[in-house]
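Have a look at query.cif below; it lists mmCIF, C-alpha atoms.
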```cif
data_start
#
loop_
_atom_site.group_PDB
_atom_site.id
_atom_site.type_symbol
_atom_site.label_atom_id
_atom_site.label_comp_id
_atom_site.auth_asym_id
_atom_site.auth_seq_id
_atom_site.Cartn_x
_atom_site.Cartn_y
_atom_site.Cartn_z
ATOM 1 C CA LEU A 18 54.560 95.959 52.218
ATOM 2 C CA VAL A 19 56.200 95.872 55.644
ATOM 3 C CA LEU A 20 59.878 94.972 55.960
ATOM 4 C CA PRO A 21 60.837 95.259 59.651
ATOM 5 C CA HIS A 22 64.337 93.918 58.896
ATOM 6 C CA PRO A 23 64.918 94.746 55.207
ATOM 7 C CA ASP A 24 68.692 94.245 55.215
ATOM 8 C CA GLU A 25 68.396 90.782 56.796
ATOM 9 C CA THR A 26 65.675 89.850 54.332
ATOM 10 C CA TYR A 27 67.760 91.063 51.392
ATOM 11 C CA ARG A 28 70.865 89.175 52.503
ATOM 12 C CA GLY A 29 68.747 86.121 53.256
ATOM 13 C CA LEU A 30 67.745 86.127 49.599
ATOM 14 C CA GLY A 31 71.373 86.211 48.562
ATOM 15 C CA CYS A 32 71.210 89.924 47.690
ATOM 16 C CA ASP A 33 69.270 88.947 44.587
ATOM 17 C CA GLY A 34 68.797 92.130 42.556
ATOM 18 C CA ARG A 35 65.325 91.000 41.473
ATOM 19 C CA PHE A 36 64.077 91.627 45.038
ATOM 20 C CA LEU A 37 64.848 95.344 44.785
ATOM 21 C CA THR A 38 63.626 95.595 41.188
ATOM 22 C CA THR A 39 60.323 93.943 42.085
ATOM 23 C CA ILE A 40 59.632 96.447 44.884
ATOM 24 C CA ILE A 41 60.367 99.375 42.568
ATOM 25 C CA ARG A 42 58.168 98.010 39.761
ATOM 26 C CA LEU A 43 55.155 97.273 41.957
ATOM 27 C CA ALA A 44 52.457 99.701 40.863
ATOM 28 C CA THR A 45 49.769 99.012 43.460
ATOM 29 C CA LEU A 46 51.495 99.592 46.811
ATOM 30 C CA ARG A 47 49.702 102.055 49.066
ATOM 31 C CA GLU A 48 51.779 101.511 52.211
ATOM 32 C CA LEU A 49 55.499 100.870 52.579
ATOM 33 C CA ALA A 50 57.341 100.324 55.859
ATOM 34 C CA LEU A 51 61.135 99.978 55.931
ATOM 35 C CA GLU A 52 61.783 99.968 59.663
ATOM 36 C CA GLU A 53 65.558 99.506 59.820
ATOM 37 C CA LYS A 54 68.609 100.749 57.969
ATOM 38 C CA TRP A 55 68.924 99.505 54.414
ATOM 39 C CA THR A 56 71.098 101.104 51.744
ATOM 40 C CA PRO A 57 68.632 100.592 48.814
ATOM 41 C CA ILE A 58 66.002 102.731 50.591
ATOM 42 C CA SER A 59 67.098 105.761 48.588
ATOM 43 C CA GLU A 60 66.786 103.969 45.260
ATOM 44 C CA ILE A 61 63.336 102.605 46.118
ATOM 45 C CA LEU A 62 61.870 105.953 47.155
ATOM 46 C CA ARG A 63 63.291 107.816 44.182
ATOM 47 C CA ASN A 64 62.073 105.265 41.643
ATOM 48 C CA THR A 65 58.973 103.527 42.998
ATOM 49 C CA SER A 66 56.125 103.036 40.528
ATOM 50 C CA SER A 67 53.490 103.047 43.274
ATOM 51 C CA PRO A 68 51.490 106.104 44.355
ATOM 52 C CA LEU A 69 52.330 105.551 48.016
ATOM 53 C CA LYS A 70 49.953 106.955 50.619
ATOM 54 C CA ASN A 71 51.586 105.761 53.861
ATOM 55 C CA LEU A 72 55.322 105.611 54.503
ATOM 56 C CA ARG A 73 57.148 104.427 57.626
ATOM 57 C CA ILE A 74 60.886 104.768 57.212
ATOM 58 C CA HIS A 75 64.223 104.635 58.982
ATOM 59 C CA PRO A 76 66.445 106.666 56.614
ATOM 60 C CA GLY A 77 69.598 106.281 58.702
ATOM 61 C CA SER A 78 71.536 104.333 56.072
ATOM 62 C CA ILE A 79 71.539 107.355 53.754
ATOM 63 C CA THR A 80 74.828 109.226 54.178
ATOM 64 C CA THR A 81 74.486 112.705 55.678
ATOM 65 C CA ARG A 82 76.972 115.291 56.900
ATOM 66 C CA SER A 83 75.185 115.828 60.195
ATOM 67 C CA ALA A 84 73.694 113.678 62.932
ATOM 68 C CA ALA A 85 70.175 114.902 62.170
ATOM 69 C CA TRP A 86 68.154 114.752 58.984
ATOM 70 C CA SER A 87 66.404 117.892 57.802
ATOM 71 C CA LEU A 88 62.789 117.493 56.772
ATOM 72 C CA PHE A 89 63.094 120.468 54.446
ATOM 73 C CA PRO A 90 65.003 120.752 51.140
ATOM 74 C CA GLY A 91 68.784 120.807 51.383
ATOM 75 C CA ASP A 92 71.844 118.594 51.226
ATOM 76 C CA ASP A 93 70.688 116.333 54.067
ATOM 77 C CA SER A 94 67.004 116.480 53.300
ATOM 78 C CA LEU A 95 64.353 113.822 53.636
ATOM 79 C CA PHE A 96 62.487 115.676 50.928
ATOM 80 C CA SER A 97 65.150 114.733 48.389
ATOM 81 C CA LEU A 98 64.032 111.151 48.981
ATOM 82 C CA LEU A 99 60.302 111.845 49.055
ATOM 83 C CA GLN A 100 59.651 114.341 46.258
ATOM 84 C CA HIS A 101 58.820 111.510 43.840
ATOM 85 C CA ILE A 102 55.859 110.448 46.008
ATOM 86 C CA ALA A 103 55.002 113.876 47.474
ATOM 87 C CA PRO A 104 51.732 114.281 45.479
ATOM 88 C CA THR A 105 50.121 111.163 46.988
ATOM 89 C CA LEU A 106 51.727 110.746 50.421
ATOM 90 C CA GLU A 107 49.201 111.104 53.269
ATOM 91 C CA THR A 108 51.124 109.727 56.269
ATOM 92 C CA LEU A 109 54.843 110.001 57.023
ATOM 93 C CA GLU A 110 56.473 108.348 60.024
ATOM 94 C CA VAL A 111 60.224 108.619 60.616
ATOM 95 C CA VAL A 112 61.503 106.033 63.106
ATOM 96 C CA LYS A 113 64.840 105.628 64.918
ATOM 97 C CA GLN A 114 66.196 108.819 63.401
ATOM 98 C CA THR A 115 66.804 112.362 64.645
ATOM 99 C CA VAL A 116 65.185 115.020 62.479
ATOM 100 C CA SER A 117 65.548 118.804 62.462
ATOM 101 C CA LEU A 118 62.929 121.252 61.189
ATOM 102 C CA PRO A 119 64.819 124.421 60.220
ATOM 103 C CA HIS A 120 63.023 127.441 58.801
ATOM 104 C CA SER A 121 62.818 127.306 54.996
ATOM 105 C CA PRO A 122 61.224 130.561 53.754
ATOM 106 C CA SER A 123 62.162 130.000 50.100
ATOM 107 C CA ASN A 124 60.739 126.489 49.990
ATOM 108 C CA ASN A 125 58.091 126.127 47.287
ATOM 109 C CA LEU A 126 57.745 122.362 47.666
ATOM 110 C CA VAL A 127 54.534 120.926 49.073
ATOM 111 C CA PHE A 128 53.035 117.628 50.246
ATOM 112 C CA PRO A 129 49.469 118.484 49.164
ATOM 113 C CA ALA A 130 47.821 115.317 50.531
ATOM 114 C CA MET A 131 49.768 114.905 53.798
ATOM 115 C CA ARG A 132 47.449 114.497 56.785
ATOM 116 C CA SER A 133 49.776 112.996 59.446
ATOM 117 C CA VAL A 134 53.447 113.531 60.302
ATOM 118 C CA LYS A 135 55.123 111.491 63.046
ATOM 119 C CA ILE A 136 58.787 112.039 63.966
ATOM 120 C CA ASP A 137 60.638 109.803 66.434
ATOM 121 C CA VAL A 138 63.237 112.306 67.703
ATOM 122 C CA LEU A 139 63.273 116.046 67.056
ATOM 123 C CA THR A 140 66.264 118.317 67.568
ATOM 124 C CA GLN A 141 66.887 122.089 67.399
ATOM 125 C CA MET A 142 63.612 123.065 69.044
ATOM 126 C CA GLY A 143 64.431 126.773 68.946
ATOM 127 C CA SER A 144 64.685 126.840 65.151
ATOM 128 C CA ILE A 145 61.335 125.180 64.492
ATOM 129 C CA ARG A 146 58.942 127.326 62.491
ATOM 130 C CA THR A 147 55.269 126.430 62.322
ATOM 131 C CA GLU A 148 55.016 128.605 59.220
ATOM 132 C CA SER A 149 57.282 126.165 57.346
ATOM 133 C CA LEU A 150 55.230 123.175 58.517
ATOM 134 C CA VAL A 151 51.980 124.795 57.384
ATOM 135 C CA GLN A 152 53.540 125.604 54.024
ATOM 136 C CA LEU A 153 54.926 122.109 53.535
ATOM 137 C CA PHE A 154 51.805 120.279 54.815
ATOM 138 C CA PRO A 155 48.823 122.548 54.058
ATOM 139 C CA ALA A 156 46.273 119.699 54.329
ATOM 140 C CA LEU A 157 47.484 118.420 57.713
ATOM 141 C CA ASP A 158 44.430 117.674 59.849
ATOM 142 C CA ASP A 159 45.096 114.343 61.572
ATOM 143 C CA THR A 160 48.287 113.838 63.606
ATOM 144 C CA LEU A 161 51.353 115.955 64.348
ATOM 145 C CA ALA A 162 53.624 113.929 66.643
ATOM 146 C CA PHE A 163 57.167 114.431 67.897
ATOM 147 C CA TYR A 164 57.625 111.507 70.268
ATOM 148 C CA ARG A 165 60.929 112.581 71.794
ATOM 149 C CA LEU A 166 62.806 115.862 72.098
ATOM 150 C CA ASP A 167 66.591 116.058 72.002
ATOM 151 C CA LEU A 168 67.051 118.134 75.154
ATOM 152 C CA ILE A 169 70.765 118.727 74.556
ATOM 153 C CA SER A 170 69.960 121.132 71.725
ATOM 154 C CA SER A 171 66.818 122.596 73.306
ATOM 155 C CA ASN A 172 67.327 125.999 74.903
ATOM 156 C CA VAL A 173 64.469 127.406 77.012
ATOM 157 C CA GLU A 174 64.976 130.990 75.861
ATOM 158 C CA LYS A 175 65.090 129.943 72.211
ATOM 159 C CA GLY A 176 61.862 128.024 72.755
ATOM 160 C CA ARG A 177 60.215 131.200 74.066
ATOM 161 C CA GLU A 178 61.451 133.193 71.058
ATOM 162 C CA ALA A 179 60.178 130.505 68.691
ATOM 163 C CA HIS A 180 56.799 130.621 70.417
ATOM 164 C CA GLU A 181 56.382 134.348 69.761
ATOM 165 C CA ILE A 182 57.505 134.084 66.136
ATOM 166 C CA ASN A 183 55.287 131.077 65.435
ATOM 167 C CA ARG A 184 52.248 132.599 67.121
ATOM 168 C CA GLU A 185 52.552 135.724 64.988
ATOM 169 C CA SER A 186 53.007 133.784 61.741
ATOM 170 C CA GLN A 187 49.807 131.826 62.342
ATOM 171 C CA LEU A 188 47.766 135.011 62.395
ATOM 172 C CA ARG A 189 48.331 134.973 58.635
ATOM 173 C CA ARG A 190 47.970 131.250 57.919
ATOM 174 C CA THR A 191 47.548 128.047 59.894
ATOM 175 C CA TRP A 192 45.648 124.761 59.931
ATOM 176 C CA LYS A 193 41.907 124.777 60.556
ATOM 177 C CA SER A 194 42.275 122.078 63.248
ATOM 178 C CA LEU A 195 44.298 118.994 64.164
ATOM 179 C CA ASP A 196 42.924 115.727 65.465
ATOM 180 C CA ARG A 197 45.983 114.765 67.532
ATOM 181 C CA VAL A 198 49.161 116.489 68.709
ATOM 182 C CA VAL A 199 51.844 114.578 70.638
ATOM 183 C CA GLY A 200 55.075 115.880 72.142
ATOM 184 C CA ASP A 201 57.106 117.442 74.925
ATOM 185 C CA VAL A 202 55.478 120.479 76.524
ATOM 186 C CA ARG A 203 58.463 122.692 75.616
ATOM 187 C CA LEU A 204 58.230 121.749 71.959
ATOM 188 C CA ILE A 205 54.461 122.152 71.684
ATOM 189 C CA TYR A 206 54.814 125.530 73.375
ATOM 190 C CA ALA A 207 57.517 126.529 70.859
ATOM 191 C CA LEU A 208 55.158 125.621 67.996
ATOM 192 C CA GLY A 209 52.726 128.240 69.296
ATOM 193 C CA LEU A 210 49.702 126.440 67.869
ATOM 194 C CA VAL A 211 46.525 128.516 67.684
ATOM 195 C CA CYS A 212 44.232 125.974 66.009
ATOM 196 C CA PRO A 213 41.956 123.609 67.993
ATOM 197 C CA VAL A 214 43.428 120.183 68.815
ATOM 198 C CA ARG A 215 40.998 117.355 69.585
ATOM 199 C CA HIS A 216 43.446 114.880 71.210
ATOM 200 C CA LEU A 217 46.354 116.528 73.035
ATOM 201 C CA MET A 218 49.099 114.326 74.517
ATOM 202 C CA ILE A 219 51.742 116.338 76.398
ATOM 203 C CA ASP A 220 54.898 114.973 78.076
ATOM 204 C CA GLY A 221 57.465 116.590 80.361
ATOM 205 C CA VAL A 222 55.106 118.751 82.424
ATOM 206 C CA SER A 223 56.959 119.912 85.532
ATOM 207 C CA ARG A 224 57.009 122.794 87.975
ATOM 208 C CA HIS A 225 59.204 124.698 85.504
ATOM 209 C CA THR A 226 57.035 124.115 82.401
ATOM 210 C CA LYS A 227 53.545 124.374 83.905
ATOM 211 C CA ARG A 228 52.954 127.914 82.672
ATOM 212 C CA GLN A 229 53.854 126.816 79.145
ATOM 213 C CA LEU A 230 51.154 124.184 79.481
ATOM 214 C CA ASP A 231 48.632 126.902 80.380
ATOM 215 C CA ASP A 232 49.279 128.704 77.116
ATOM 216 C CA ILE A 233 48.940 125.506 75.082
ATOM 217 C CA LEU A 234 45.624 124.492 76.631
ATOM 218 C CA LEU A 235 44.037 127.942 76.356
ATOM 219 C CA ASN A 236 44.537 127.797 72.589
ATOM 220 C CA ALA A 237 44.049 124.094 71.820
ATOM 221 C CA HIS A 238 40.711 123.561 73.624
ATOM 222 C CA PRO A 239 41.136 119.745 73.567
ATOM 223 C CA THR A 240 38.297 117.303 74.107
ATOM 224 C CA HIS A 241 40.786 114.559 75.077
ATOM 225 C CA LEU A 242 43.827 115.479 77.195
ATOM 226 C CA LYS A 243 46.684 113.263 78.386
ATOM 227 C CA LEU A 244 49.416 114.753 80.577
ATOM 228 C CA THR A 245 52.622 113.083 81.733
ATOM 229 C CA VAL A 246 53.717 114.990 84.832
ATOM 230 C CA ASP A 247 57.318 114.919 86.066
ATOM 231 C CA LEU A 248 57.475 115.033 89.876
ATOM 232 C CA SER A 249 61.281 114.997 90.003
ATOM 233 C CA ARG A 250 61.300 118.820 90.028
ATOM 234 C CA GLY A 251 58.859 118.970 92.928
ATOM 235 C CA ILE A 252 55.346 118.008 93.950
ATOM 236 C CA GLY A 253 54.274 121.631 93.495
ATOM 237 C CA VAL A 254 53.534 120.920 89.854
ATOM 238 C CA LEU A 255 50.221 119.411 90.949
ATOM 239 C CA ASP A 256 49.036 122.653 92.561
ATOM 240 C CA ASP A 257 46.601 124.334 90.163
ATOM 241 C CA LEU A 258 47.779 122.026 87.395
ATOM 242 C CA LEU A 259 44.884 123.124 85.182
ATOM 243 C CA LEU A 260 43.699 126.696 85.039
ATOM 244 C CA PRO A 261 40.043 127.099 86.135
ATOM 245 C CA GLN A 262 38.968 128.089 82.619
ATOM 246 C CA VAL A 263 40.570 124.926 81.260
ATOM 247 C CA ALA A 264 39.196 122.598 83.942
ATOM 248 C CA SER A 265 35.691 124.010 83.494
ATOM 249 C CA ASP A 266 35.746 123.908 79.693
ATOM 250 C CA SER A 267 32.758 121.786 78.644
ATOM 251 C CA ARG A 268 34.673 120.668 75.560
ATOM 252 C CA LEU A 269 37.101 118.666 77.739
ATOM 253 C CA THR A 270 35.447 115.248 78.150
ATOM 254 C CA HIS A 271 38.428 112.896 78.740
ATOM 255 C CA PHE A 272 41.450 113.480 80.973
ATOM 256 C CA VAL A 273 44.316 111.032 81.603
ATOM 257 C CA LEU A 274 47.119 111.866 84.051
ATOM 258 C CA PHE A 275 50.432 110.001 84.312
ATOM 259 C CA LEU A 276 52.707 110.735 87.280
ATOM 260 C CA SER A 277 56.437 110.059 87.142
ATOM 261 C CA CYS A 278 58.521 110.249 90.329
ATOM 262 C CA ALA A 279 61.399 107.938 89.444
ATOM 263 C CA LYS A 280 63.981 110.668 90.172
ATOM 264 C CA TYR A 281 62.582 112.170 93.345
ATOM 265 C CA PHE A 282 65.981 111.884 95.036
ATOM 266 C CA THR A 283 67.127 114.896 92.954
ATOM 267 C CA ILE A 284 64.685 117.232 94.726
ATOM 268 C CA ALA A 285 66.261 119.715 97.138
ATOM 269 C CA GLU A 286 63.165 120.693 99.111
ATOM 270 C CA GLU A 287 62.594 118.303 102.022
ATOM 271 C CA ASP A 288 58.828 118.918 102.045
ATOM 272 C CA ASP A 289 58.586 117.851 98.404
ATOM 273 C CA ILE A 290 60.522 114.651 99.099
ATOM 274 C CA ALA A 291 58.149 113.796 101.924
ATOM 275 C CA ALA A 292 55.128 114.480 99.739
ATOM 276 C CA ILE A 293 56.360 112.205 96.961
ATOM 277 C CA GLN A 294 57.217 109.443 99.429
ATOM 278 C CA MET A 295 53.636 109.652 100.643
ATOM 279 C CA LEU A 296 52.445 109.169 97.050
ATOM 280 C CA GLU A 297 54.450 105.959 96.871
#
```

Please rewrite the model in this file as structure tokens.
Amino acid sequence: LVLPHPDETYRGLGCDGRFLTTIIRLATLRELALEEKWTPISEILRNTSSPLKNLRIHPGSITTRSAAWSLFPGDDSLFSLLQHIAPTLETLEVVKQTVSLPHSPSNNLVFPAMRSVKIDVLTQMGSIRTESLVQLFPALDDTLAFYRLDLISSNVEKGREAHEINRESQLRRTWKSLDRVVGDVRLIYALGLVCPVRHLMIDGVSRHTKRQLDDILLNAHPTHLKLTVDLSRGIGVLDDLLLPQVASDSRLTHFVLFLSCAKYFTIAEEDDIAAIQMLE
């Protein structure tokens, strides 16, 4: 059941209460997509009769005390909405909503069947703990995607600290492998992943984040790699973009490179400006 505009649909039916009741009583739904704000979302998720496997949701109409929703248990938690369907849920996609992933060491709640998690916007990069993700989604083996990173709350030094903490925690427990990981290079670096990743899609690679990319690739050993390279910080990012041991890895069979130079006027070095103008 896909409702791209649930509030419009509901009002178009005269706000007939039977519409909401019917959705809740359906016992055979496997996929539910509520792609815009709609107040009854909370009631549906807490009371649905269906063992949902795939959920695509915009939870923004649920009142919270902060701008970002927390994926982990708490006052502003997505889990408070999803615990009813946690045993069967395999895919979760949060759209048009900022989500935070704070550390939750006392969390005993689990999505035992979850294989894919896709978040539209992630905030508080420095507080992300891979240990909490592994604990919450122990069966994750398909996709881990954070499509955009809220850079306002993303501190480079905190990202480095998170990387060290997360790398150490995965020596005790982590996923066997992931099929696809998507996100900003700073965030993926902060996650400190040590498991193999088959499809790796990294954004925001620049002269200042290239060494973070090295660390990611040396641990992920992808077969399919897509890089989005930002030239606005200088053309030097293309020099030795891939370490020799990465470029020569026989496991890497597909490589896609996107170049972005829309903001080249911000570069201070004249040589870099000339190089980018030549690319155009």

Query raised in the report: Hey, what's within 9 Å of range 198-214 of chain A if we count all atoms listed in the file and toss same-chain stuff fewer than 2 positions away? As a ChimeraX atom specification, please?
Result: /A:135,142-143,145-147,159-166,171,173,175-185,187-188,191-196,216-222,226-227,229-230,232-233,236-241

Query raised in the report: Written as JSON, numbers by chain, which residues does the PyMOL selection byres ((chain A and resi 54-58) around 12) give for the file shown?
Result: {"A": [20, 21, 22, 23, 24, 25, 26, 27, 28, 32, 34, 36, 37, 38, 40, 41, 49, 50, 51, 52, 53, 59, 60, 61, 62, 63, 64, 65, 72, 73, 74, 75, 76, 77, 78, 79, 80, 95, 98, 99, 111, 112, 113, 114]}

Requested in this report: Find, counting all atoms listed in the file, the residue in A:Thr105, A:Gly29, A:Ser144, A:Asp231 that gets nearest to Pro261 in chain A.
Outcome: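 Looking at the shortest contact to Pro261 in chain A, the residue is A:Asp231.
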
Query raised in the report: Taking into account only C-alpha atoms, which residue in the set A:Ser249, A:Ser97, A:Ser186, A:Ser117 is nearest to Val151 in chain A?
Result: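 Nearest to Val151 in chain A: A:Ser186.
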
Report task. Would you write out, as a PyMOL selection string, every residue that the PyMOL selection byres ((chain A and resi 250) around 7) captures in this file? Result -> chain A and resi 223-224+247-249+251+284

**Report entry** Atomic distance CA of Thr270 in chain A - CA of Arg228 in chain A, expressed in Å with one decimal
**Finding:** 22.1 Å

Final all heavy atoms of range 60-70 of chain A as a CSV table (one decimal), in the frame of the given file:
```
chain,number,residue,atom,x,y,z
A,60,GLU,N,67.1,104.4,46.6
A,60,GLU,CA,66.8,104.0,45.3
A,60,GLU,C,65.3,103.6,45.1
A,60,GLU,O,64.6,104.0,44.2
A,60,GLU,CB,67.6,102.8,44.8
A,60,GLU,CG,67.4,102.4,43.4
A,60,GLU,CD,68.3,101.2,42.9
A,60,GLU,OE1,69.2,100.8,43.7
A,60,GLU,OE2,68.1,100.7,41.8
A,61,ILE,N,64.7,103.0,46.2
A,61,ILE,CA,63.3,102.6,46.1
A,61,ILE,C,62.5,103.8,46.1
A,61,ILE,O,61.5,104.0,45.3
A,61,ILE,CB,63.0,101.7,47.3
A,61,ILE,CG1,63.6,100.3,47.2
A,61,ILE,CG2,61.5,101.6,47.5
A,61,ILE,CD1,63.5,99.4,48.4
A,62,LEU,N,62.7,104.8,47.0
A,62,LEU,CA,61.9,106.0,47.2
A,62,LEU,C,62.0,106.9,45.9
A,62,LEU,O,61.0,107.5,45.6
A,62,LEU,CB,62.2,106.7,48.4
A,62,LEU,CG,61.9,106.0,49.7
A,62,LEU,CD1,62.4,106.8,50.9
A,62,LEU,CD2,60.5,105.6,49.8
A,63,ARG,N,63.1,106.9,45.3
A,63,ARG,CA,63.3,107.8,44.2
A,63,ARG,C,62.7,107.2,42.9
A,63,ARG,O,62.5,108.0,41.9
A,63,ARG,CB,64.8,108.1,44.0
A,63,ARG,CG,65.3,109.1,45.0
A,63,ARG,CD,66.7,109.6,44.6
A,63,ARG,NE,67.2,110.6,45.5
A,63,ARG,CZ,68.1,110.5,46.4
A,63,ARG,NH1,68.7,109.3,46.6
A,63,ARG,NH2,68.5,111.5,47.2
A,64,ASN,N,62.5,105.9,42.9
A,64,ASN,CA,62.1,105.3,41.6
A,64,ASN,C,60.8,104.4,41.7
A,64,ASN,O,60.4,103.8,40.7
A,64,ASN,CB,63.2,104.4,41.1
A,64,ASN,CG,64.5,105.1,40.8
A,64,ASN,OD1,64.6,105.8,39.8
A,64,ASN,ND2,65.5,105.0,41.7
A,65,THR,N,60.2,104.4,42.9
A,65,THR,CA,59.0,103.5,43.0
A,65,THR,C,57.9,103.9,42.0
A,65,THR,O,57.7,105.0,41.7
A,65,THR,CB,58.4,103.6,44.4
A,65,THR,OG1,57.2,102.8,44.5
A,65,THR,CG2,58.0,105.0,44.7
A,66,SER,N,57.2,102.9,41.5
A,66,SER,CA,56.1,103.0,40.5
A,66,SER,C,54.8,103.2,41.2
A,66,SER,O,53.8,103.4,40.5
A,66,SER,CB,56.1,101.8,39.6
A,66,SER,OG,57.3,101.7,38.9
A,67,SER,N,54.7,103.0,42.5
A,67,SER,CA,53.5,103.0,43.3
A,67,SER,C,53.2,104.5,43.8
A,67,SER,O,54.1,105.2,44.3
A,67,SER,CB,53.5,102.1,44.5
A,67,SER,OG,53.6,100.7,44.0
A,68,PRO,N,51.9,104.8,43.7
A,68,PRO,CA,51.5,106.1,44.4
A,68,PRO,C,51.3,105.9,45.9
A,68,PRO,O,50.2,105.8,46.3
A,68,PRO,CB,50.2,106.4,43.6
A,68,PRO,CG,49.6,105.1,43.3
A,68,PRO,CD,50.8,104.2,43.1
A,69,LEU,N,52.4,105.9,46.6
A,69,LEU,CA,52.3,105.6,48.0
A,69,LEU,C,51.5,106.6,48.8
A,69,LEU,O,51.6,107.8,48.5
A,69,LEU,CB,53.7,105.5,48.6
A,69,LEU,CG,54.6,104.3,48.1
A,69,LEU,CD1,56.0,104.5,48.7
A,69,LEU,CD2,54.0,103.0,48.6
A,70,LYS,N,50.7,106.1,49.7
A,70,LYS,CA,50.0,107.0,50.6
A,70,LYS,C,50.5,107.0,52.0
A,70,LYS,O,50.5,108.0,52.7
A,70,LYS,CB,48.5,106.5,50.7
A,70,LYS,CG,47.7,106.7,49.4
A,70,LYS,CD,46.2,106.5,49.6
A,70,LYS,CE,45.4,106.8,48.4
A,70,LYS,NZ,44.0,106.6,48.6
```
